[in-house]
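Colleague: The structure file structure_12.cif (mmCIF, C-alpha atoms and all ligand atoms) is provided below.
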```
data_start
#
loop_
_atom_site.label_atom_id
_atom_site.label_comp_id
_atom_site.auth_asym_id
_atom_site.auth_seq_id
_atom_site.Cartn_x
_atom_site.Cartn_y
_atom_site.Cartn_z
CA MET W 10 230.79 174.17 22.98
CA ALA W 11 231.86 171.35 20.71
CA TRP W 12 229.28 168.88 19.56
CA SER W 13 229.76 165.20 20.15
CA LEU W 14 229.73 163.04 17.06
CA GLY W 15 226.75 161.12 18.39
CA ARG W 16 224.66 164.26 18.71
CA ILE W 17 225.60 165.39 15.22
CA CYS W 18 224.66 162.03 13.72
CA LYS W 19 221.37 162.03 15.59
CA SER W 20 220.50 165.44 14.14
CA VAL W 21 221.56 164.34 10.71
CA GLN W 22 219.28 161.33 10.84
CA ARG W 23 216.45 163.80 11.32
CA LEU W 24 217.78 165.79 8.34
CA GLY W 25 217.47 162.62 6.31
CA SER W 26 213.73 162.66 6.82
CA LEU W 27 212.41 164.12 3.60
CA SER W 28 209.00 164.69 5.09
CA SER W 29 210.41 167.12 7.64
CA VAL W 30 212.15 169.06 4.87
CA GLN W 31 208.97 169.08 2.83
CA SER W 32 206.73 170.12 5.68
CA GLN W 33 209.02 173.02 6.57
CA LEU W 34 209.04 174.18 2.99
CA SER W 35 205.29 174.17 2.90
CA HIS W 36 205.35 176.96 5.46
CA PRO W 37 206.53 180.52 4.89
CA ALA W 38 210.27 180.91 5.33
CA THR W 39 211.43 182.57 8.52
CA SER W 40 214.90 183.15 9.85
CA GLY W 41 214.68 179.97 11.89
CA SER W 42 213.10 177.80 9.24
CA VAL W 43 216.32 176.26 7.95
CA ARG W 44 217.29 175.25 11.46
CA THR W 45 213.96 173.60 11.95
CA MET W 46 214.08 172.18 8.44
CA LEU W 47 217.35 170.45 9.17
CA GLY W 48 216.15 169.40 12.62
CA LEU W 49 219.15 170.96 14.29
CA PRO W 50 219.42 173.10 17.42
CA SER W 51 220.58 176.69 17.01
CA SER W 52 224.03 175.90 18.47
CA CYS W 53 224.76 174.00 15.26
CA PHE W 54 224.60 177.20 13.21
CA SER W 55 226.97 180.09 12.99
CA LYS W 56 225.89 183.47 11.70
CA THR W 57 222.21 184.02 11.28
CA ARG W 58 222.37 186.73 8.60
CA ASP W 59 220.09 185.70 5.79
CA PHE W 60 222.04 186.50 2.61
CA SER W 61 219.06 185.99 0.34
CA LEU W 62 217.40 189.23 1.47
CA PRO W 63 217.91 192.41 -0.60
CA ASN W 64 220.91 194.62 0.15
CA SER W 65 222.12 197.97 -1.18
CA SER W 66 224.14 196.35 -3.98
CA TRP W 67 221.12 194.82 -5.68
CA GLY W 68 220.43 196.56 -8.98
CA PRO W 69 217.03 197.29 -10.55
CA GLU W 70 216.82 193.96 -12.44
CA MET W 71 217.74 191.94 -9.35
CA MET W 72 215.09 193.82 -7.35
CA ARG W 73 212.47 193.51 -10.07
CA LEU W 74 212.84 189.73 -10.27
CA TYR W 75 213.07 189.38 -6.50
CA LYS W 76 209.80 191.28 -6.07
CA HIS W 77 208.19 189.26 -8.85
CA TYR W 78 208.78 185.93 -7.08
CA ASN W 79 208.56 187.23 -3.54
CA SER W 80 205.11 188.66 -4.20
CA GLN W 81 204.00 185.13 -5.09
CA CYS W 82 205.11 183.68 -1.75
CA GLU W 83 201.98 185.01 -0.14
CA VAL W 84 198.70 185.91 -1.84
CA VAL W 85 195.98 188.13 -0.43
CA MET W 86 192.51 186.68 -0.89
CA GLU W 87 189.19 188.47 -0.91
CA GLY W 88 188.56 190.08 2.46
CA GLY W 89 192.28 190.58 2.97
CA VAL W 90 192.98 187.04 4.16
CA LYS W 91 196.58 186.07 3.49
CA GLN W 92 197.38 182.65 2.12
CA GLU W 93 200.51 180.82 1.05
CA GLY W 94 201.39 181.37 -2.59
CA PRO W 95 203.04 178.93 -5.00
CA TRP W 96 206.61 180.08 -4.31
CA ARG W 97 208.86 179.96 -1.23
CA ARG W 98 211.96 182.05 -0.78
CA LEU W 99 214.83 179.88 0.47
CA PRO W 100 216.86 181.56 3.20
CA SER W 101 220.63 181.37 2.80
CA TYR W 102 223.43 181.42 5.39
CA ASN W 103 227.20 181.36 5.09
CA ARG W 104 227.52 178.17 7.10
CA VAL W 105 224.84 175.54 7.44
CA LEU W 106 226.47 173.08 9.78
CA LYS W 107 229.40 174.15 11.92
CA TYR W 108 230.88 170.68 11.97
CA ALA W 109 229.84 169.24 8.62
CA THR W 110 231.88 167.54 5.92
CA GLY W 111 234.21 165.46 7.98
CA GLY W 112 234.62 168.49 10.19
CA VAL W 113 234.99 166.44 13.35
CA TYR W 114 238.43 165.40 12.09
CA LEU W 115 239.44 168.79 10.76
CA ASN W 116 241.77 171.25 12.34
CA LYS W 117 239.79 173.51 14.69
CA ILE W 118 240.88 176.67 12.82
CA ILE W 119 239.59 175.24 9.57
CA GLN W 120 236.37 174.23 11.30
CA SER W 121 235.73 177.67 12.72
CA LYS W 122 236.71 179.56 9.57
CA ALA W 123 235.04 177.39 6.95
CA ARG W 124 232.34 179.24 5.00
CA LEU W 125 230.03 178.47 2.11
CA PHE W 126 232.14 179.96 -0.65
CA THR W 127 229.28 181.68 -2.46
CA ARG W 128 228.61 183.63 0.74
CA ASN W 129 232.11 184.49 1.93
CA THR W 130 232.73 188.06 0.83
CA GLY W 131 232.21 190.87 3.30
CA ASP W 132 231.30 193.53 0.75
CA PRO W 133 227.86 193.20 -0.76
CA GLY W 134 227.75 193.02 -4.54
CA VAL W 135 231.37 192.10 -5.28
CA ALA W 136 230.84 188.41 -6.02
CA PHE W 137 227.76 186.16 -5.77
CA GLU W 138 224.50 187.95 -5.05
CA TYR W 139 221.61 185.55 -5.39
CA VAL W 140 218.31 184.41 -4.03
CA LEU W 141 216.51 181.10 -4.64
CA PHE W 142 212.78 180.43 -4.81
CA PHE W 143 211.13 177.00 -4.77
CA ASN W 144 207.78 175.97 -6.29
CA ARG W 145 206.53 172.69 -4.84
CA GLU W 146 203.64 172.22 -7.24
CA GLU W 147 205.89 172.55 -10.29
CA GLN W 148 208.90 170.88 -8.62
CA ARG W 149 211.23 173.60 -9.70
CA CYS W 150 213.61 176.18 -8.32
CA VAL W 151 214.59 179.55 -9.73
CA GLY W 152 217.66 181.53 -8.85
CA ILE W 153 218.17 185.23 -9.46
CA PHE W 154 221.88 185.93 -9.74
CA GLN W 155 223.72 189.23 -9.97
CA ALA W 156 227.36 188.63 -10.90
CA GLY W 157 229.84 190.93 -9.13
CA HIS W 158 233.15 192.19 -10.52
CA LEU W 159 235.28 189.62 -8.64
CA LEU W 160 233.80 186.86 -10.80
CA GLU W 161 235.54 187.90 -14.00
CA GLY W 162 236.68 185.23 -16.45
CA PRO W 163 236.91 186.43 -20.04
CA PRO W 164 237.34 190.23 -19.91
CA GLY W 165 234.07 191.85 -18.89
CA HIS W 166 232.31 188.53 -18.51
CA VAL W 167 231.58 185.96 -15.82
CA HIS W 168 234.00 183.07 -15.26
CA GLY W 169 232.51 179.75 -16.39
CA GLY W 170 233.35 178.20 -13.03
CA ALA W 171 231.34 180.88 -11.25
CA THR W 172 228.41 180.17 -13.55
CA ALA W 173 228.79 176.44 -12.84
CA THR W 174 228.78 177.21 -9.12
CA MET W 175 225.45 178.99 -9.40
CA ILE W 176 223.99 176.21 -11.54
CA ASP W 177 225.17 173.65 -8.96
CA THR W 178 223.62 175.78 -6.21
CA VAL W 179 220.19 176.03 -7.83
CA THR W 180 220.00 172.45 -9.10
CA GLY W 181 221.53 171.17 -5.83
CA ALA W 182 218.97 173.02 -3.72
CA LEU W 183 216.14 171.52 -5.76
CA ALA W 184 217.60 168.01 -5.51
CA LEU W 185 218.11 168.42 -1.77
CA ILE W 186 214.51 169.52 -1.23
CA LEU W 187 213.08 166.76 -3.40
CA SER W 188 215.37 163.90 -2.42
CA GLY W 189 217.04 164.74 0.89
CA PRO W 190 220.85 164.63 1.33
CA VAL W 191 222.57 164.37 -2.09
CA VAL W 192 225.87 165.14 -3.75
CA THR W 193 226.46 166.31 -7.29
CA ALA W 194 227.65 163.34 -9.34
CA ASN W 195 227.54 164.96 -12.77
CA LEU W 196 227.04 168.47 -14.10
CA ASN W 197 226.92 168.78 -17.88
CA ILE W 198 226.88 172.43 -18.96
CA ASN W 199 226.63 173.85 -22.46
CA TYR W 200 227.88 177.43 -22.46
CA ARG W 201 225.92 179.18 -25.22
CA LYS W 202 226.51 182.90 -24.65
CA PRO W 203 228.86 184.65 -22.20
CA ILE W 204 227.28 186.46 -19.23
CA PRO W 205 228.25 190.13 -18.93
CA LEU W 206 229.84 190.99 -15.59
CA GLY W 207 227.46 192.97 -13.38
CA SER W 208 224.37 191.67 -15.13
CA THR W 209 221.47 189.84 -13.51
CA VAL W 210 220.48 186.46 -14.90
CA LEU W 211 217.73 183.99 -14.19
CA LEU W 212 218.50 180.34 -13.39
CA GLU W 213 215.63 177.92 -13.78
CA SER W 214 215.83 174.30 -12.72
CA SER W 215 213.27 171.55 -12.77
CA LEU W 216 213.04 167.87 -11.93
CA ASP W 217 213.56 165.63 -14.92
CA ARG W 218 213.18 162.27 -13.18
CA LYS W 219 214.10 160.18 -10.16
CA GLU W 220 215.53 156.67 -10.47
CA GLY W 221 216.35 155.01 -7.16
CA LYS W 222 219.24 156.94 -5.60
CA LYS W 223 219.54 159.19 -8.66
CA THR W 224 217.81 162.55 -9.12
CA PHE W 225 218.12 164.13 -12.58
CA ILE W 226 217.61 167.89 -12.83
CA THR W 227 217.63 170.11 -15.91
CA SER W 228 218.49 173.77 -15.82
CA LYS W 229 219.03 176.83 -17.97
CA VAL W 230 220.46 180.28 -17.43
CA THR W 231 218.91 183.13 -19.36
CA SER W 232 219.10 186.90 -19.39
CA SER W 233 216.72 188.46 -16.89
CA ASP W 234 214.05 189.04 -19.56
CA GLY W 235 214.42 185.47 -20.80
CA SER W 236 215.39 186.53 -24.33
CA LYS W 237 218.98 185.23 -24.32
CA LEU W 238 220.04 181.68 -23.47
CA HIS W 239 223.40 181.64 -21.65
CA THR W 240 223.63 177.96 -20.65
CA ASP W 241 221.66 174.76 -20.59
CA THR W 242 222.51 171.95 -18.21
CA THR W 243 221.69 168.43 -17.16
CA ALA W 244 222.66 167.45 -13.63
CA LEU W 245 222.74 164.19 -11.71
CA PHE W 246 222.53 164.08 -7.92
CA VAL W 247 223.07 160.88 -5.97
CA SER W 248 221.53 160.32 -2.56
CA ILE W 249 224.02 159.78 0.22
CA SER W 250 224.05 158.76 3.82
CA PHE W 251 224.62 162.11 5.44
CA SER W 252 226.32 160.62 8.47
CA ASN W 253 228.97 159.10 6.17
CA LEU W 254 229.69 162.58 4.85
CA LEU W 255 230.09 163.95 8.36
CA LEU W 256 232.38 161.09 9.32
CA GLY W 257 234.58 161.89 6.34
CA SER W 258 234.09 158.56 4.56
C1 LIG W 301 227.02 168.15 0.21
C2 LIG W 301 226.11 168.15 1.36
C3 LIG W 301 224.70 167.77 1.04
C4 LIG W 301 223.80 168.06 2.21
C5 LIG W 301 223.75 169.52 2.46
C6 LIG W 301 222.96 169.80 3.66
C7 LIG W 301 222.46 171.02 3.81
C8 LIG W 301 222.71 171.99 2.74
C9 LIG W 301 221.86 173.15 2.89
C10 LIG W 301 221.89 174.11 1.93
C11 LIG W 301 222.68 173.86 0.70
C12 LIG W 301 223.57 174.95 0.42
C13 LIG W 301 224.31 174.92 -0.66
C14 LIG W 301 224.24 173.78 -1.60
C15 LIG W 301 224.80 174.21 -2.88
C16 LIG W 301 225.17 173.41 -3.83
C17 LIG W 301 225.17 171.97 -3.71
C18 LIG W 301 226.59 171.54 -3.89
C19 LIG W 301 226.65 170.05 -3.94
C20 LIG W 301 228.07 169.67 -4.17
O1 LIG W 301 228.84 170.39 -4.69
S1 LIG W 301 228.53 168.12 -3.64
C21 LIG W 301 230.30 168.13 -3.92
C22 LIG W 301 230.70 167.59 -5.25
N1 LIG W 301 230.37 166.21 -5.38
C23 LIG W 301 231.09 165.23 -4.82
O2 LIG W 301 232.07 165.47 -4.19
C24 LIG W 301 230.60 163.83 -5.08
C25 LIG W 301 231.76 162.85 -5.00
N2 LIG W 301 231.31 161.55 -5.45
C26 LIG W 301 230.72 160.65 -4.61
O3 LIG W 301 230.58 160.87 -3.42
C27 LIG W 301 230.28 159.36 -5.22
O4 LIG W 301 230.96 159.12 -6.40
C28 LIG W 301 228.75 159.29 -5.50
C29 LIG W 301 227.99 159.42 -4.17
C30 LIG W 301 228.32 160.42 -6.45
C31 LIG W 301 228.44 157.96 -6.14
O5 LIG W 301 228.80 156.97 -5.24
P1 LIG W 301 229.17 155.49 -5.72
O6 LIG W 301 230.29 155.59 -6.69
O7 LIG W 301 229.33 154.65 -4.51
O8 LIG W 301 227.99 155.05 -6.58
P2 LIG W 301 226.54 154.57 -6.17
O9 LIG W 301 226.47 153.10 -6.28
O10 LIG W 301 226.12 155.16 -4.87
O11 LIG W 301 225.75 155.24 -7.40
C32 LIG W 301 224.36 155.22 -7.46
C33 LIG W 301 224.00 155.33 -8.93
O12 LIG W 301 224.54 156.57 -9.46
C34 LIG W 301 225.35 156.28 -10.63
N3 LIG W 301 226.43 157.25 -10.72
C35 LIG W 301 227.28 157.60 -9.71
N4 LIG W 301 228.12 158.55 -10.14
C36 LIG W 301 227.77 158.80 -11.42
C37 LIG W 301 228.27 159.69 -12.39
N5 LIG W 301 229.28 160.52 -12.13
N6 LIG W 301 227.71 159.69 -13.62
C38 LIG W 301 226.67 158.87 -13.89
N7 LIG W 301 226.14 158.01 -13.00
C39 LIG W 301 226.70 157.98 -11.79
C40 LIG W 301 225.80 154.87 -10.42
O13 LIG W 301 226.14 154.27 -11.67
C41 LIG W 301 224.59 154.23 -9.78
O14 LIG W 301 223.64 154.00 -10.81
P3 LIG W 301 222.72 152.66 -10.81
O15 LIG W 301 222.00 152.66 -9.50
O16 LIG W 301 221.79 152.84 -11.97
O17 LIG W 301 223.67 151.54 -10.96
#
```
Mind turning this structure into structure tokens?
Ligand SMILES: CCCCC/C=C\C/C=C\C/C=C\C/C=C\CCCC(=O)SCCNC(=O)CCNC(=O)[C@H](O)C(C)(C)COP(=O)(O)OP(=O)(O)OC[C@H]1O[C@@H](n2cnc3c(N)ncnc32)[C@H](O)[C@@H]1OP(=O)(O)O

Modeller:
Amino acid sequence: MAWSLGRICKSVQRLGSLSSVQSQLSHPATSGSVRTMLGLPSSCFSKTRDFSLPNSSWGPEMMRLYKHYNSQCEVVMEGGVKQEGPWRRLPSYNRVLKYATGGVYLNKIIQSKARLFTRNTGDPGVAFEYVLFFNREEQRCVGIFQAGHLLEGPPGHVHGGATATMIDTVTGALALILSGPVVTANLNINYRKPIPLGSTVLLESSLDRKEGKKTFITSKVTSSDGSKLHTDTTALFVSISFSNLLLGS
């Protein structure tokens, strides 16, 4: 059933409430948490597969880092009492809003087939495999990224655009959590060392500063053991009126 524009805008106004985003992120992630986080009913979402959970394509390094951060999402206290840890895993779906991004004016086929392009391959492991974790206290996000063989740029290495996509994803997620609806205004990437295809790398992003509508985030990509610097980045996100985005203006 198609959504009326009024209903979409109403939901989006709730999305604009940073406190609701923050309060949801202060609770353990569940499959429905993003829905609740965005203040949208389930009919606004398409597939519910959470792509940030391990699958058979994840290699040993990807699993090691995943377990490292995931184990810090919940800590067991004396007496076996479980308590929230410093990190939250961020669930990830291939479509957040069925009718987002000017979608109300788009061709219905485009609307129904549109997918988040980092999550649009059927076969696990061939392109972007990643999971994001958020640390509220430290105001930072980490991404663990395993680069599949379809992301080749220079022979045997990851395409710089694919790396930029992952940097945008991790810095964008942090900006969104900290500032509400934003768009990337500037992404300044220094490529220091190529990333071998098939390898797992760590993306770390942290808040530099906020100035009015602007949120500045810094980020680096390293090898999974942190010994090799692949990129360093500064990013600027600008707060937007989310309803303008939906209306296509
Ligand atoms: C995108 C949806 C966001 C919401 C998503 C919701 C749910 C998502 C859930 C999960 C997320 C899943 C995946 C997310 C993954 C990655 C995130 C991807 C994000 C993107 O991939 S997003 C697409 C690419 N992105 C664009 O498509 C932007 C096009 N662009 C514009 O929409 C405008 O250009 C805008 C709004 C940027 C500026 O609007 P404007 O021109 O009206 O300027 P405005 O006055 O508002 O600027 C205020 C202050 O920013 C300064 N400023 C502006 N631009 C600057 C620049 N480039 N360099 C330096 N400073 C700049 C001004 O100088 C002023 O500074 P001051 O206040 O100091 O004067």

Colleague: Residues within 8 Å of ligand LIG 301 (chain W) should be enumerated using all atoms listed in the file and returned as a PyMOL selection string.

Modeller: chain W and resi 47+101+105-106+110+125+174-175+177-182+185+189-195+220-223+245-249+251+254

Colleague: Mind pulling up the distance from CA of Thr227 in chain W to CA of Arg73 in chain W?

Modeller: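 We find that CA of Arg73 in chain W and CA of Thr227 in chain W lie 24.7 Å from each other.
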
Colleague: Show me, as an NGL selection string, the residues that have an atom within 9 Å of range 145-162 of chain W when counting all atoms listed in the file, minus same-chain residues fewer than 3 positions from it.

Modeller: :W and (31 or 34-35 or 67-68 or 70-71 or 74-75 or 95-97 or 133-142 or 165-172 or 175-176 or 178-180 or 182-183 or 187 or 204-216 or 233)

Colleague: Go ahead and compute the interatomic distance for CA of Met86 in chain W and CA of Phe143 in chain W, in Å to one decimal.

Modeller: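 About the pair CA of Met86 in chain W and CA of Phe143 in chain W: they are 21.3 Å apart.
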
Colleague: Rounded to one decimal in Å, what is the spacing between CA of Phe60 in chain W and CA of Gly94 in chain W?

Modeller: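 Answer for the CA of Phe60 in chain W to CA of Gly94 in chain W separation: 21.9 Å.
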
Colleague: Contacts of His239 in chain W at 8 Å or less, counting all atoms listed in the file, minus same-chain residues fewer than 6 places along, as a PDB file with C-alpha atoms, in the frame of the given file?

Modeller:
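Contents of result.pdb, freshly written:
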```pdb
ATOM      1  CA  TYR W 200     227.880 177.430 -22.460  1.00  0.00           C
ATOM      2  CA  ARG W 201     225.920 179.180 -25.220  1.00  0.00           C
ATOM      3  CA  LYS W 202     226.510 182.900 -24.650  1.00  0.00           C
ATOM      4  CA  PRO W 203     228.860 184.650 -22.200  1.00  0.00           C
ATOM      5  CA  ILE W 204     227.280 186.460 -19.230  1.00  0.00           C
ATOM      6  CA  LYS W 229     219.030 176.830 -17.970  1.00  0.00           C
ATOM      7  CA  VAL W 230     220.460 180.280 -17.430  1.00  0.00           C
ATOM      8  CA  THR W 231     218.910 183.130 -19.360  1.00  0.00           C
ATOM      9  CA  SER W 232     219.100 186.900 -19.390  1.00  0.00           C
TER      10      SER W 232
END
```

Colleague: Between W:Thr130, W:Gln81, W:Ser61, W:Ser121, which residue has the minimum interatomic distance to Glu93 in chain W, considering only C-alpha atoms?

Modeller: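 So, comparing all the options, the nearest one is W:Gln81.
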
Colleague: Which residue is closest to Tyr78 in chain W? Choose from W:Gln92, W:Thr242, W:Ser66, W:Asn144 and count only C-alpha atoms.

Modeller: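 Ranking W:Gln92, W:Thr242, W:Ser66, W:Asn144 by distance to Tyr78 in chain W, first place goes to W:Asn144.
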
Colleague: Using all atoms listed in the file, find the one residue out of W:Asn129, W:Ser252, W:Ser228, W:Asn199 that sits nearest to Ala184 in chain W.

Modeller: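 Closest candidate: W:Ser228.
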
Colleague: Nearest residue to Ile186 in chain W out of W:Gly131, W:Arg58, W:Thr224, W:Ser236, using all atoms listed in the file?

Modeller: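 Ranking W:Gly131, W:Arg58, W:Thr224, W:Ser236 by distance to Ile186 in chain W, first place goes to W:Thr224.
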
Colleague: In terms of the shortest atom-to-atom distance over all atoms listed in the file, which of W:His77, W:Glu83, W:Tyr102, W:Lys91 is closest to Leu62 in chain W?

Modeller: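 Residue with the minimum atom-to-atom distance to Leu62 in chain W: W:Tyr102.
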